[in-house]
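Here's the structure we're looking at; comments come further down.
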Amino acid sequence: MSKPIVAIVGRPNVGKSTLFNTLAGERISIVKDTPGVTRDRIYADVTWLDHNFTLIDTGGIEPDSGDVILSQMREQAQIAIDTADVIMFLTDVRQGLQDSDSKVADMLRRSHKPIVLVVNKVDSFEKYMGDVYEFYNLGIGEPHPVSASSMLGLGDMLDEVVKYFPENDAADAEDERPKVAIIGKPNVGKSSLINKLAQEDRVIVSDIAGTTRDAIDTDIKFNGKEYIFIDTAGLRRKSKVKEEIERYSIIRAVSAVERADVVIIVIDATEGVTEQDAKIAGIAHDRGKGIIIAVNKWDAIEKNNDTVKEHTQKIRQVLSFMPYAEILFISAKSGQRLPKIFEMIDMVLENNSMRVATGVLNEIVAEAVAMQQPPTDKGKRLKIYYITQASVKPPTFVVFVNDKNLMHFSYTRYLENRIRDTFGFRGTALKFITRERKGDKE
């Protein structure tokens with residue numbers, strides 16, 4: 001089941017990034033008192049009571065601005081609105097109700113999405129409540145007073161937000177067909193790839209970066225088996241502002257990855273792997289999805305005996321956090337190696353859902369411990385009592401130890417490599433949770 005997506009929307013400088021950082025529990029967005037400076041990471045996983053959701057921060061909407069950056073932000077906010085299940089519309093009690101708030105409200109009304117109206121910077125309910133009531137004039141429901149910086153009123157606001165989350169979609173749960181998200185920067189050939197796999201032009205393809213407007217699901221049958229491919233959109237038009245392009249592709253990727261079982265990250269062979277590819281790949285890695293890296297436009301590369309090796313090394317270097325990902329060199333245009341994609345999807349799906357018997361796991365770990373002693377600290381050595389697999393998608397292992405502070409990241413990685421040596425787990429992340437066994441801490 002994919003997580004609901006909540007977008008924070010509003011005009012510039014009402015405190016969207018401050019609210020985002022407060023709810024995300026860490027400073028992720030850059031916050032300054034200049035309209036239009038939200039530039040950094042824009043999504044975070046948030047938990048409220050028993051609800052998990054993905055929060056998206058958007059640039060401020062200036063409805064009538066001719067300024068290039070602000071008009072880009074307006075478009076980016078529109079994409080967030082299209083993507084979201086619930087919209088938090090943020091306003092500012094200190095500045096009062098502005099004409100541009102009404103214009104943003106009109107834009108949100110047209111989305112027909114649930115809207116929670118939030119009035120920020122209410123540091124004292126007694127002092128500001130009279131001003132909060134003014135926001136009823138927007139005609140989109142009850143205003144919820146909060147102070148993002150002082151963390152006031154957030155509980156009531158989140159209670160209202162989670163009311164609108166969709167019930168577990170039974171239809172989605174019953175659909176057993178593998179879901180494959182195609183993600184990557186604009187213009188790397190995502191739509192061309194789906195059209196070639198589907199053997200028909202289902203998705204608009206053009207040389208303008210980002211002519212795909214919305215995420216589109218395409219049913220594709222191969223060797224009698226059905227797959228759902230989710231194409232993530234780029235932009236409506238070529239942007240002059242590079243950072244904004246990057247932010248659009250990240251918003252798109254978050255929602256597609258949430259729904260997918262396997263993620264294909266498309267990289268342009270002519271450009272090589274970039275930092276932006278790493279950001280997009282990180283979304284799939286963080287969520288423990290099966291991952292395939294498809295290096296597209298391979299037919300446009302001049303090759304010698306070392307070309308594949310050199311490209312592979314560069315990809316492994318930039319995407320060093322996911323050494324398990326499968327790499328495939330393809331051409332969406334000519335169809336080169338495309339049937340291999342389906343083989344790889346099936347293999348990665350199987351590995352992402354693989355279970356290992358507890359007895360076998362403990363044998364592997366006992367052998368690994370004998371080969372390389374666990375770390376010590378101040379004369380105390382880590383003891384590993386027991387390991388078991390708790391879940392799949394991604395395969396998740398719980399390790400019981402005497403003191404979890406002694407379980408160093410590098411030793412976890414060592415154990416992971418020993419498990420991979422035995423079972424492969426190609427194309428999927430493995431997750432490790434360390435637990436102290438009660439009564440065993442000396």
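In the structure tokens, chains take letters A, B, ... by order of appearance, with residues numbered from 1 within each chain and ligands from 1 in the order shown.
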
Show me a table, sorted first by chain and then by increasing residue number, of the residues of range 310-369 of chain A having an atom at most 7 Å from range 277-293 of chain A, each with its shortest atom pair and the distance in Å to one decimal, counting only C-alpha atoms and written as a Markdown table.
```
| residue | atom | partner | partner_atom | distance |
| --- | --- | --- | --- | --- |
| A:Val318 | CA | A:Ala278 | CA | 6.7 |
| A:Leu319 | CA | A:Ala278 | CA | 5.9 |
| A:Ala325 | CA | A:Ile291 | CA | 5.3 |
| A:Glu326 | CA | A:Ile292 | CA | 4.8 |
| A:Ile327 | CA | A:Ile293 | CA | 4.7 |
| A:Leu328 | CA | A:Ile293 | CA | 6.2 |
| A:Val348 | CA | A:Gly290 | CA | 5.7 |
| A:Leu349 | CA | A:Gly290 | CA | 6.5 |
| A:Asn352 | CA | A:Gly290 | CA | 6.0 |
```

Best match for closeness to Val254 in chain A among A:Gly189, A:Pro395, A:Pro4, A:Pro178, counting only C-alpha atoms: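 Closest residue, counting only C-alpha atoms: A:Pro4.
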
DSSP strand (DSSP E or B) residues within range 7-187 of chain A, listed as a ChimeraX atom specification: /A:7-9,43-48,51-57,86-92,115-120,143-145,147,152,179-183

Grab the CA of Phe397 in chain A to CA of Asp421 in chain A distance for me, in Å with one decimal place.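 Separation between CA of Phe397 in chain A and CA of Asp421 in chain A: 15.8 Å.
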
Which one is closest to Ala7 in chain A: A:Ile56, A:Ile345, A:Val46, A:Leu23? Count only C-alpha atoms.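 Residue with the minimum atom-to-atom distance to Ala7 in chain A: A:Ile56.
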
Env of Lys127 in chain A: 12 Å cut, atoms = only C-alpha atoms, seq-sep filter 4 positions within chain, self excluded. Answer as a PyMOL selection string. chain A and resi 93-94+121-123+131-132+145

If you count only C-alpha atoms, which residues fall within 12 Å of Val162 in chain A, apart from same-chain ones fewer than 6 positions away, as an mmCIF file with N, CA and C atoms, in the first residue's frame?
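The resulting around22.cif:
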```cif
data_model
loop_
_atom_site.group_PDB
_atom_site.id
_atom_site.type_symbol
_atom_site.label_atom_id
_atom_site.label_comp_id
_atom_site.auth_asym_id
_atom_site.auth_seq_id
_atom_site.Cartn_x
_atom_site.Cartn_y
_atom_site.Cartn_z
ATOM 1 N N LYS A 3 1.983 5.169 0.528
ATOM 2 C CA LYS A 3 1.670 6.156 1.564
ATOM 3 C C LYS A 3 0.920 7.325 0.958
ATOM 4 N N PRO A 4 -0.015 7.934 1.703
ATOM 5 C CA PRO A 4 -0.653 9.163 1.208
ATOM 6 C C PRO A 4 0.392 10.265 1.063
ATOM 7 N N ILE A 5 0.112 11.207 0.164
ATOM 8 C CA ILE A 5 1.021 12.332 -0.062
ATOM 9 C C ILE A 5 0.310 13.622 0.332
ATOM 10 N N VAL A 6 0.984 14.430 1.144
ATOM 11 C CA VAL A 6 0.427 15.706 1.614
ATOM 12 C C VAL A 6 1.343 16.819 1.107
ATOM 13 N N VAL A 46 6.731 11.296 7.203
ATOM 14 C CA VAL A 46 6.250 11.798 8.490
ATOM 15 C C VAL A 46 5.289 10.772 9.087
ATOM 16 N N THR A 47 5.332 10.629 10.422
ATOM 17 C CA THR A 47 4.400 9.733 11.116
ATOM 18 C C THR A 47 3.590 10.562 12.103
ATOM 19 N N TRP A 48 2.270 10.400 12.059
ATOM 20 C CA TRP A 48 1.405 11.034 13.058
ATOM 21 C C TRP A 48 0.451 9.975 13.565
ATOM 22 N N LEU A 49 0.526 9.695 14.894
ATOM 23 C CA LEU A 49 -0.237 8.601 15.504
ATOM 24 C C LEU A 49 0.065 7.323 14.728
ATOM 25 N N ASP A 50 -0.943 6.658 14.157
ATOM 26 C CA ASP A 50 -0.611 5.417 13.430
ATOM 27 C C ASP A 50 -0.638 5.635 11.921
ATOM 28 N N HIS A 51 -0.490 6.879 11.485
ATOM 29 C CA HIS A 51 -0.504 7.182 10.043
ATOM 30 C C HIS A 51 0.902 7.551 9.555
ATOM 31 N N ASN A 52 1.311 6.949 8.470
ATOM 32 C CA ASN A 52 2.562 7.351 7.810
ATOM 33 C C ASN A 52 2.201 8.038 6.514
ATOM 34 N N PHE A 53 2.861 9.164 6.225
ATOM 35 C CA PHE A 53 2.590 9.831 4.952
ATOM 36 C C PHE A 53 3.854 10.531 4.455
ATOM 37 N N THR A 54 3.843 10.895 3.179
ATOM 38 C CA THR A 54 4.960 11.631 2.595
ATOM 39 C C THR A 54 4.546 13.091 2.477
ATOM 40 N N ASP A 85 -2.619 13.749 -2.112
ATOM 41 C CA ASP A 85 -3.937 13.256 -1.672
ATOM 42 C C ASP A 85 -4.645 14.320 -0.842
ATOM 43 N N VAL A 86 -3.855 15.094 -0.082
ATOM 44 C CA VAL A 86 -4.409 16.167 0.762
ATOM 45 C C VAL A 86 -3.495 17.384 0.613
ATOM 46 N N ILE A 87 -4.098 18.587 0.608
ATOM 47 C CA ILE A 87 -3.315 19.819 0.483
ATOM 48 C C ILE A 87 -3.445 20.623 1.773
ATOM 49 N N MET A 88 -2.302 21.041 2.321
ATOM 50 C CA MET A 88 -2.305 21.967 3.453
ATOM 51 C C MET A 88 -2.045 23.353 2.872
ATOM 52 N N PRO A 114 -8.992 17.402 -1.133
ATOM 53 C CA PRO A 114 -9.270 17.897 0.224
ATOM 54 C C PRO A 114 -8.240 18.960 0.619
ATOM 55 N N ILE A 115 -8.735 20.074 1.186
ATOM 56 C CA ILE A 115 -7.832 21.174 1.559
ATOM 57 C C ILE A 115 -7.980 21.445 3.058
ATOM 58 N N VAL A 116 -6.848 21.515 3.766
ATOM 59 C CA VAL A 116 -6.851 21.905 5.174
ATOM 60 C C VAL A 116 -6.226 23.301 5.229
ATOM 61 N N GLY A 155 -0.927 19.365 16.489
ATOM 62 C CA GLY A 155 -1.686 18.121 16.679
ATOM 63 C C GLY A 155 -3.078 18.198 16.081
ATOM 64 N N ASP A 156 -3.782 19.286 16.388
ATOM 65 C CA ASP A 156 -5.146 19.452 15.853
ATOM 66 C C ASP A 156 -5.117 19.534 14.326
#
```

Would you please give, as number ranges by chain, all residues of range 127-345 of chain A that DSSP assigns to helix (DSSP H, G or I) based on the backbone? A: 127-138, 154-163, 170-174, 190-198, 242-259, 275-286, 298-300, 307-318, 338-345
